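Presented below is the structure to which this report refers.
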Amino acid sequence: MTIIHHPNEETLLDYASGALGEAWSVAVATHLAVCPECRKTVSELEFVAGSFLGASEEVKVDDSSFDNILERLDQEGERPVSVGCSPTNQETCLPNPLREYAGGDIDNLKWRRLGPSAHQLVICSDEDGSVARLLRIPAGKPVPEHGHGGEEMTLVLRGAFEDHLGVYQRGDVQTVDSTITHKPFAVPGEECICLAVTNAPLRFSSLAARFLQPVVGI
Amino acid sequence: MKFAQTQFGPRYSDLKSWYARTLFMDIGISHIESSTEQDGYSYITGVTLASDSPISKSEDEGVSKLGRKKREDRRTHKNMNTESMDSCLISIAETRDRNAFKKLFAAFAPKIKSFAMRNGVGPELAEEVVQETFIRVWRKAEQFDPKKASASTWLYTIARNQRIDLLRKRHRPEPDYEDPAFIPEPEPQPTEIIVRSQEASRLKECIGALSPEQQEVLKLSFMEELPHVEVAEKLGIPLGTVKSRIRLAMKHIRAEIGDIR
């Protein structure tokens, strides 16, 4: 698997600093699980953060602070720490943390219908209105042409989709903002499953799609 | 830098000449302080370096106040958290060494408390972040790998997650290294392993060499936990400027690491 499209660096920075909302972080963390290159960028960013922490000013801790920690460790006892085992590649399932959020793997999820042929499953929604949802588009079928009220980030998990910006395969991430209108379609041959995160409802170009929007809830 | 001792002893008026200015600007000096002594010569008493000056990266004994400050910062930094803090974590992992744990706590707990108190968080809650962080440090010490991270970086990631858990009351999704779908790094070549140990010190130098504007953006992001959109608002600069500072900083960091690869 070769990933060509990555999240942009400011998104990786917000993820590394912890400022990125949970719905977006699910998509970023799932991309990181399959992208050693972006994990490297995040660890470089964390290194910068660590050096700021090392040079940070200090606030005196409570006198009892260290003893409290030891007391708690004594009370709770040693807990076994799981040590990493060497993973084997498997290119078909939902990578964690997404699989945990979805509550199952790609083939046994409780999908809900979205329009005539697509399906969706809401994974996570934030207080600021951001929503992460899995979308399942049949092979060769389009998503109606739409613009965006805000930002949209899409991570491909199975199959591929294509629009005027390019072809996106498993592991690829597309980020678009309100300036972009596109008409993505699933590449023929295999259905496309992707995780889409938005912070505002989509703006469908066609009247019929706009009419259906409140019903299907996207 | 011996030239500051004016080996070529330029007169004050010479300093103002076009030639002298060009000469100094070429090596990144933006301002010169000088005084005229009894011998009739003007001596340079101080220079200010431009942020991108090649001299500021030099290890020479320099005359620049900025350069000196950077070296001092680097020195305190070094004493605080390099090998000694790494070895504390290794002792905790291998022998459950409580003295090492105490040493690590003394060095980092006050910094983590200050980190947790940004954005108006009270001392009680910040104290909780400190304690939860060190509970996890003790339990997870086995997972610390000095080849991959320095102690301060590793502690930062734990403190950050505790800050999100306790202050934001939400979960932080992270990749799971044991998941079958996880794609590991390609096996490093033996030469790469040696190179990796140089990376940390190289990166540290490199952060000091970033422009003050780039450092400011990264600092607000990490220490105040501000999303880049809010960093732009706080600094009153366009979002595009923040994005380009982030990208330039990362490009610079990558170029530095690329050099030793």
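How things are named: the first chain in the structure tokens is A, the next is B, and so on; residues count from 1 in each chain; ligands count from 1 in the order shown.
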
Considering only C-alpha atoms, return as a ChimeraX atom specification whatever protein or nucleic-acid residues lie within 10 Å of segment 167-173 of chain B, sequence-local ones (same chain, fewer than 5 positions apart) excluded. /A:15,18-30,96-98,100-101,126 /B:116,121,125-126,128-129,160-162

Can you work out which residues from chain A touch chain B at a cut-off of 7 Å (counting only C-alpha atoms) and hand them back as a PDB file with N, CA, C and O atoms, in the first residue's frame?
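Written file, part-v7.pdb:
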ATOM      1  N   GLU A   9       0.090  19.567   7.442  1.00  0.00           N
ATOM      2  CA  GLU A   9       0.931  19.636   8.650  1.00  0.00           C
ATOM      3  C   GLU A   9       0.263  20.359   9.810  1.00  0.00           C
ATOM      4  O   GLU A   9       0.490  20.011  10.960  1.00  0.00           O
ATOM      5  N   GLU A  10      -0.584  21.361   9.494  1.00  0.00           N
ATOM      6  CA  GLU A  10      -1.227  22.061  10.622  1.00  0.00           C
ATOM      7  C   GLU A  10      -2.221  21.145  11.337  1.00  0.00           C
ATOM      8  O   GLU A  10      -2.424  21.262  12.542  1.00  0.00           O
ATOM      9  N   ASP A  14      -2.059  20.135  15.251  1.00  0.00           N
ATOM     10  CA  ASP A  14      -3.184  20.199  16.193  1.00  0.00           C
ATOM     11  C   ASP A  14      -3.418  18.849  16.863  1.00  0.00           C
ATOM     12  O   ASP A  14      -3.798  18.781  18.031  1.00  0.00           O
ATOM     13  N   SER A  17      -0.580  18.450  19.470  1.00  0.00           N
ATOM     14  CA  SER A  17      -0.721  19.315  20.653  1.00  0.00           C
ATOM     15  C   SER A  17      -1.945  18.940  21.481  1.00  0.00           C
ATOM     16  O   SER A  17      -2.082  19.384  22.609  1.00  0.00           O
ATOM     17  N   GLY A  18      -2.831  18.132  20.917  1.00  0.00           N
ATOM     18  CA  GLY A  18      -4.043  17.748  21.639  1.00  0.00           C
ATOM     19  C   GLY A  18      -5.184  18.731  21.426  1.00  0.00           C
ATOM     20  O   GLY A  18      -6.244  18.592  22.025  1.00  0.00           O
ATOM     21  N   ALA A  19      -4.985  19.730  20.560  1.00  0.00           N
ATOM     22  CA  ALA A  19      -6.024  20.750  20.355  1.00  0.00           C
ATOM     23  C   ALA A  19      -7.097  20.289  19.363  1.00  0.00           C
ATOM     24  O   ALA A  19      -8.163  20.869  19.290  1.00  0.00           O
ATOM     25  N   LEU A  20      -6.793  19.246  18.596  1.00  0.00           N
ATOM     26  CA  LEU A  20      -7.737  18.779  17.574  1.00  0.00           C
ATOM     27  C   LEU A  20      -8.910  18.045  18.236  1.00  0.00           C
ATOM     28  O   LEU A  20      -8.710  17.237  19.136  1.00  0.00           O
ATOM     29  N   GLU A  22     -12.142  15.514  18.926  1.00  0.00           N
ATOM     30  CA  GLU A  22     -12.103  14.053  18.917  1.00  0.00           C
ATOM     31  C   GLU A  22     -12.494  13.458  17.555  1.00  0.00           C
ATOM     32  O   GLU A  22     -11.832  12.536  17.072  1.00  0.00           O
ATOM     33  N   SER A  25      -9.678  13.747  15.329  1.00  0.00           N
ATOM     34  CA  SER A  25      -8.552  12.944  15.829  1.00  0.00           C
ATOM     35  C   SER A  25      -8.724  11.466  15.499  1.00  0.00           C
ATOM     36  O   SER A  25      -7.740  10.759  15.298  1.00  0.00           O
ATOM     37  N   VAL A  26      -9.977  10.977  15.451  1.00  0.00           N
ATOM     38  CA  VAL A  26     -10.199   9.571  15.082  1.00  0.00           C
ATOM     39  C   VAL A  26      -9.652   9.337  13.673  1.00  0.00           C
ATOM     40  O   VAL A  26      -8.935   8.366  13.419  1.00  0.00           O
ATOM     41  N   ALA A  29      -5.699   9.701  13.759  1.00  0.00           N
ATOM     42  CA  ALA A  29      -5.049   8.563  14.432  1.00  0.00           C
ATOM     43  C   ALA A  29      -5.155   7.292  13.582  1.00  0.00           C
ATOM     44  O   ALA A  29      -4.228   6.484  13.542  1.00  0.00           O
ATOM     45  N   THR A  30      -6.285   7.120  12.878  1.00  0.00           N
ATOM     46  CA  THR A  30      -6.453   5.931  12.033  1.00  0.00           C
ATOM     47  C   THR A  30      -5.528   6.011  10.816  1.00  0.00           C
ATOM     48  O   THR A  30      -4.933   5.012  10.405  1.00  0.00           O
ATOM     49  N   LEU A  32      -2.656   7.567  10.918  1.00  0.00           N
ATOM     50  CA  LEU A  32      -1.325   7.333  11.488  1.00  0.00           C
ATOM     51  C   LEU A  32      -1.035   5.839  11.637  1.00  0.00           C
ATOM     52  O   LEU A  32       0.099   5.397  11.459  1.00  0.00           O
ATOM     53  N   ALA A  33      -2.086   5.065  11.955  1.00  0.00           N
ATOM     54  CA  ALA A  33      -1.899   3.623  12.146  1.00  0.00           C
ATOM     55  C   ALA A  33      -1.364   2.962  10.871  1.00  0.00           C
ATOM     56  O   ALA A  33      -0.662   1.959  10.939  1.00  0.00           O
ATOM     57  N   VAL A  34      -1.682   3.541   9.716  1.00  0.00           N
ATOM     58  CA  VAL A  34      -1.233   2.921   8.462  1.00  0.00           C
ATOM     59  C   VAL A  34      -0.176   3.753   7.743  1.00  0.00           C
ATOM     60  O   VAL A  34       0.211   3.439   6.616  1.00  0.00           O
ATOM     61  N   CYS A  35       0.287   4.839   8.366  1.00  0.00           N
ATOM     62  CA  CYS A  35       1.220   5.741   7.674  1.00  0.00           C
ATOM     63  C   CYS A  35       2.452   6.066   8.529  1.00  0.00           C
ATOM     64  O   CYS A  35       2.456   7.040   9.285  1.00  0.00           O
ATOM     65  N   PRO A  36       3.526   5.251   8.385  1.00  0.00           N
ATOM     66  CA  PRO A  36       4.751   5.523   9.158  1.00  0.00           C
ATOM     67  C   PRO A  36       5.307   6.925   8.905  1.00  0.00           C
ATOM     68  O   PRO A  36       5.885   7.529   9.808  1.00  0.00           O
ATOM     69  N   GLU A  46       6.253  16.192  18.429  1.00  0.00           N
ATOM     70  CA  GLU A  46       6.263  15.918  19.873  1.00  0.00           C
ATOM     71  C   GLU A  46       7.642  16.191  20.476  1.00  0.00           C
ATOM     72  O   GLU A  46       7.751  16.596  21.633  1.00  0.00           O
ATOM     73  N   PHE A  47       8.660  15.989  19.668  1.00  0.00           N
ATOM     74  CA  PHE A  47      10.001  16.305  20.163  1.00  0.00           C
ATOM     75  C   PHE A  47      10.126  17.808  20.439  1.00  0.00           C
ATOM     76  O   PHE A  47      10.677  18.230  21.460  1.00  0.00           O
ATOM     77  N   VAL A  48       9.587  18.609  19.506  1.00  0.00           N
ATOM     78  CA  VAL A  48       9.593  20.067  19.706  1.00  0.00           C
ATOM     79  C   VAL A  48       8.848  20.401  21.002  1.00  0.00           C
ATOM     80  O   VAL A  48       9.324  21.176  21.841  1.00  0.00           O
ATOM     81  N   ALA A  49       7.665  19.768  21.167  1.00  0.00           N
ATOM     82  CA  ALA A  49       6.858  20.016  22.364  1.00  0.00           C
ATOM     83  C   ALA A  49       7.626  19.629  23.622  1.00  0.00           C
ATOM     84  O   ALA A  49       7.611  20.346  24.632  1.00  0.00           O
ATOM     85  N   GLY A  50       8.323  18.480  23.555  1.00  0.00           N
ATOM     86  CA  GLY A  50       9.092  18.016  24.714  1.00  0.00           C
ATOM     87  C   GLY A  50      10.190  18.993  25.080  1.00  0.00           C
ATOM     88  O   GLY A  50      10.453  19.238  26.262  1.00  0.00           O
ATOM     89  N   SER A  51      10.797  19.608  24.065  1.00  0.00           N
ATOM     90  CA  SER A  51      11.867  20.536  24.396  1.00  0.00           C
ATOM     91  C   SER A  51      11.301  21.838  24.968  1.00  0.00           C
ATOM     92  O   SER A  51      11.929  22.456  25.818  1.00  0.00           O
ATOM     93  N   PHE A  52      10.091  22.226  24.547  1.00  0.00           N
ATOM     94  CA  PHE A  52       9.432  23.378  25.195  1.00  0.00           C
ATOM     95  C   PHE A  52       9.094  23.039  26.644  1.00  0.00           C
ATOM     96  O   PHE A  52       9.262  23.860  27.543  1.00  0.00           O
ATOM     97  N   LEU A  53       8.598  21.804  26.859  1.00  0.00           N
ATOM     98  CA  LEU A  53       8.265  21.405  28.238  1.00  0.00           C
ATOM     99  C   LEU A  53       9.517  21.422  29.108  1.00  0.00           C
ATOM    100  O   LEU A  53       9.492  21.924  30.236  1.00  0.00           O
ATOM    101  N   GLY A  54      10.631  20.898  28.544  1.00  0.00           N
ATOM    102  CA  GLY A  54      11.882  20.881  29.304  1.00  0.00           C
ATOM    103  C   GLY A  54      12.354  22.276  29.689  1.00  0.00           C
ATOM    104  O   GLY A  54      12.981  22.468  30.725  1.00  0.00           O
ATOM    105  N   ALA A  55      12.022  23.271  28.846  1.00  0.00           N
ATOM    106  CA  ALA A  55      12.481  24.639  29.109  1.00  0.00           C
ATOM    107  C   ALA A  55      11.387  25.485  29.765  1.00  0.00           C
ATOM    108  O   ALA A  55      11.554  26.681  29.956  1.00  0.00           O
ATOM    109  N   SER A  56      10.273  24.843  30.114  1.00  0.00           N
ATOM    110  CA  SER A  56       9.113  25.573  30.653  1.00  0.00           C
ATOM    111  C   SER A  56       9.402  26.140  32.047  1.00  0.00           C
ATOM    112  O   SER A  56      10.241  25.632  32.775  1.00  0.00           O
ATOM    113  N   GLU A  57       8.707  27.209  32.414  1.00  0.00           N
ATOM    114  CA  GLU A  57       8.859  27.711  33.785  1.00  0.00           C
ATOM    115  C   GLU A  57       8.259  26.690  34.752  1.00  0.00           C
ATOM    116  O   GLU A  57       7.590  25.753  34.326  1.00  0.00           O
ATOM    117  N   GLU A  58       8.486  26.918  36.058  1.00  0.00           N
ATOM    118  CA  GLU A  58       8.074  25.903  37.015  1.00  0.00           C
ATOM    119  C   GLU A  58       7.072  26.479  37.999  1.00  0.00           C
ATOM    120  O   GLU A  58       7.121  27.655  38.337  1.00  0.00           O
ATOM    121  N   VAL A  59       6.149  25.632  38.435  1.00  0.00           N
ATOM    122  CA  VAL A  59       5.227  25.994  39.513  1.00  0.00           C
ATOM    123  C   VAL A  59       5.422  24.947  40.601  1.00  0.00           C
ATOM    124  O   VAL A  59       5.409  23.740  40.321  1.00  0.00           O
ATOM    125  N   LYS A  60       5.633  25.403  41.822  1.00  0.00           N
ATOM    126  CA  LYS A  60       5.920  24.485  42.923  1.00  0.00           C
ATOM    127  C   LYS A  60       4.766  23.495  43.101  1.00  0.00           C
ATOM    128  O   LYS A  60       3.601  23.888  43.103  1.00  0.00           O
ATOM    129  N   VAL A  61       5.119  22.222  43.245  1.00  0.00           N
ATOM    130  CA  VAL A  61       4.067  21.229  43.479  1.00  0.00           C
ATOM    131  C   VAL A  61       3.798  21.134  44.981  1.00  0.00           C
ATOM    132  O   VAL A  61       4.626  21.550  45.790  1.00  0.00           O
ATOM    133  N   ILE A  69       1.655  10.062  45.409  1.00  0.00           N
ATOM    134  CA  ILE A  69       1.814   9.177  44.250  1.00  0.00           C
ATOM    135  C   ILE A  69       2.313   7.802  44.704  1.00  0.00           C
ATOM    136  O   ILE A  69       1.755   6.769  44.322  1.00  0.00           O
ATOM    137  N   VAL A  81       1.976  -4.490  32.513  1.00  0.00           N
ATOM    138  CA  VAL A  81       1.996  -3.575  31.379  1.00  0.00           C
ATOM    139  C   VAL A  81       2.141  -4.410  30.123  1.00  0.00           C
ATOM    140  O   VAL A  81       3.013  -5.269  30.037  1.00  0.00           O
ATOM    141  N   GLY A  84       4.504  -4.363  23.553  1.00  0.00           N
ATOM    142  CA  GLY A  84       4.122  -4.523  22.150  1.00  0.00           C
ATOM    143  C   GLY A  84       4.598  -5.830  21.524  1.00  0.00           C
ATOM    144  O   GLY A  84       5.711  -6.280  21.783  1.00  0.00           O
ATOM    145  N   CYS A  85       3.735  -6.468  20.748  1.00  0.00           N
ATOM    146  CA  CYS A  85       4.172  -7.650  20.008  1.00  0.00           C
ATOM    147  C   CYS A  85       4.303  -7.227  18.551  1.00  0.00           C
ATOM    148  O   CYS A  85       3.751  -6.223  18.135  1.00  0.00           O
ATOM    149  N   PRO A  87       3.442  -6.741  15.028  1.00  0.00           N
ATOM    150  CA  PRO A  87       2.180  -6.870  14.305  1.00  0.00           C
ATOM    151  C   PRO A  87       2.378  -7.432  12.906  1.00  0.00           C
ATOM    152  O   PRO A  87       3.448  -7.313  12.338  1.00  0.00           O
ATOM    153  N   THR A  88       1.344  -8.069  12.407  1.00  0.00           N
ATOM    154  CA  THR A  88       1.394  -8.536  11.028  1.00  0.00           C
ATOM    155  C   THR A  88       0.486  -7.650  10.195  1.00  0.00           C
ATOM    156  O   THR A  88      -0.518  -7.162  10.693  1.00  0.00           O
ATOM    157  N   ASN A  89       0.847  -7.429   8.972  1.00  0.00           N
ATOM    158  CA  ASN A  89       0.019  -6.570   8.128  1.00  0.00           C
ATOM    159  C   ASN A  89      -1.271  -7.258   7.735  1.00  0.00           C
ATOM    160  O   ASN A  89      -1.296  -8.427   7.412  1.00  0.00           O
ATOM    161  N   GLN A  90      -2.315  -6.491   7.776  1.00  0.00           N
ATOM    162  CA  GLN A  90      -3.575  -7.016   7.294  1.00  0.00           C
ATOM    163  C   GLN A  90      -4.264  -5.839   6.645  1.00  0.00           C
ATOM    164  O   GLN A  90      -4.546  -4.849   7.305  1.00  0.00           O
ATOM    165  N   GLU A  91      -4.502  -5.949   5.355  1.00  0.00           N
ATOM    166  CA  GLU A  91      -4.865  -4.749   4.625  1.00  0.00           C
ATOM    167  C   GLU A  91      -6.354  -4.584   4.388  1.00  0.00           C
ATOM    168  O   GLU A  91      -6.770  -3.799   3.558  1.00  0.00           O
ATOM    169  N   CYS A  93      -8.949  -4.720   7.125  1.00  0.00           N
ATOM    170  CA  CYS A  93      -9.858  -4.382   8.219  1.00  0.00           C
ATOM    171  C   CYS A  93      -9.802  -2.895   8.578  1.00  0.00           C
ATOM    172  O   CYS A  93      -9.015  -2.135   8.038  1.00  0.00           O
ATOM    173  N   PRO A  95      -8.555  -0.171  10.778  1.00  0.00           N
ATOM    174  CA  PRO A  95      -7.471  -0.086  11.759  1.00  0.00           C
ATOM    175  C   PRO A  95      -7.980   0.585  13.043  1.00  0.00           C
ATOM    176  O   PRO A  95      -8.883   1.421  12.996  1.00  0.00           O
ATOM    177  N   ASN A  96      -7.400   0.215  14.166  1.00  0.00           N
ATOM    178  CA  ASN A  96      -7.677   0.953  15.395  1.00  0.00           C
ATOM    179  C   ASN A  96      -7.047   2.326  15.309  1.00  0.00           C
ATOM    180  O   ASN A  96      -6.034   2.470  14.643  1.00  0.00           O
ATOM    181  N   PRO A  97      -7.572   3.363  15.950  1.00  0.00           N
ATOM    182  CA  PRO A  97      -8.678   3.331  16.900  1.00  0.00           C
ATOM    183  C   PRO A  97     -10.076   3.291  16.272  1.00  0.00           C
ATOM    184  O   PRO A  97     -11.066   3.152  16.984  1.00  0.00           O
TER     185      PRO A  97
END

Give me, please, the distance in Å between atom CA of Thr198 of chain A and atom CA of His146 of chain A, quoted to one decimal.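 Distance between the two atoms: 12.7 Å.
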
Of the candidates A:Val156, A:Val131, A:Ile193, A:Ala209, which shows the shortest atom-to-atom distance to Leu109 of chain A, using only C-alpha atoms?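 Residue with the minimum atom-to-atom distance to Leu109 of chain A: A:Ile193.
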
Distance of atom CA of Asn199 of chain A from atom CA of Gly150 of chain A, expressed in Å to one decimal place: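 Interatomic distance, atom CA of Gly150 of chain A to atom CA of Asn199 of chain A: 5.7 Å.
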
Tell me which protein, DNA and RNA residues are within 9 Å of segment 1-6 of chain A, counting only C-alpha atoms, leaving out same-chain ones fewer than 5 positions away, and put them as number ranges by chain. A: 31, 34-35, 38, 91, 168-175
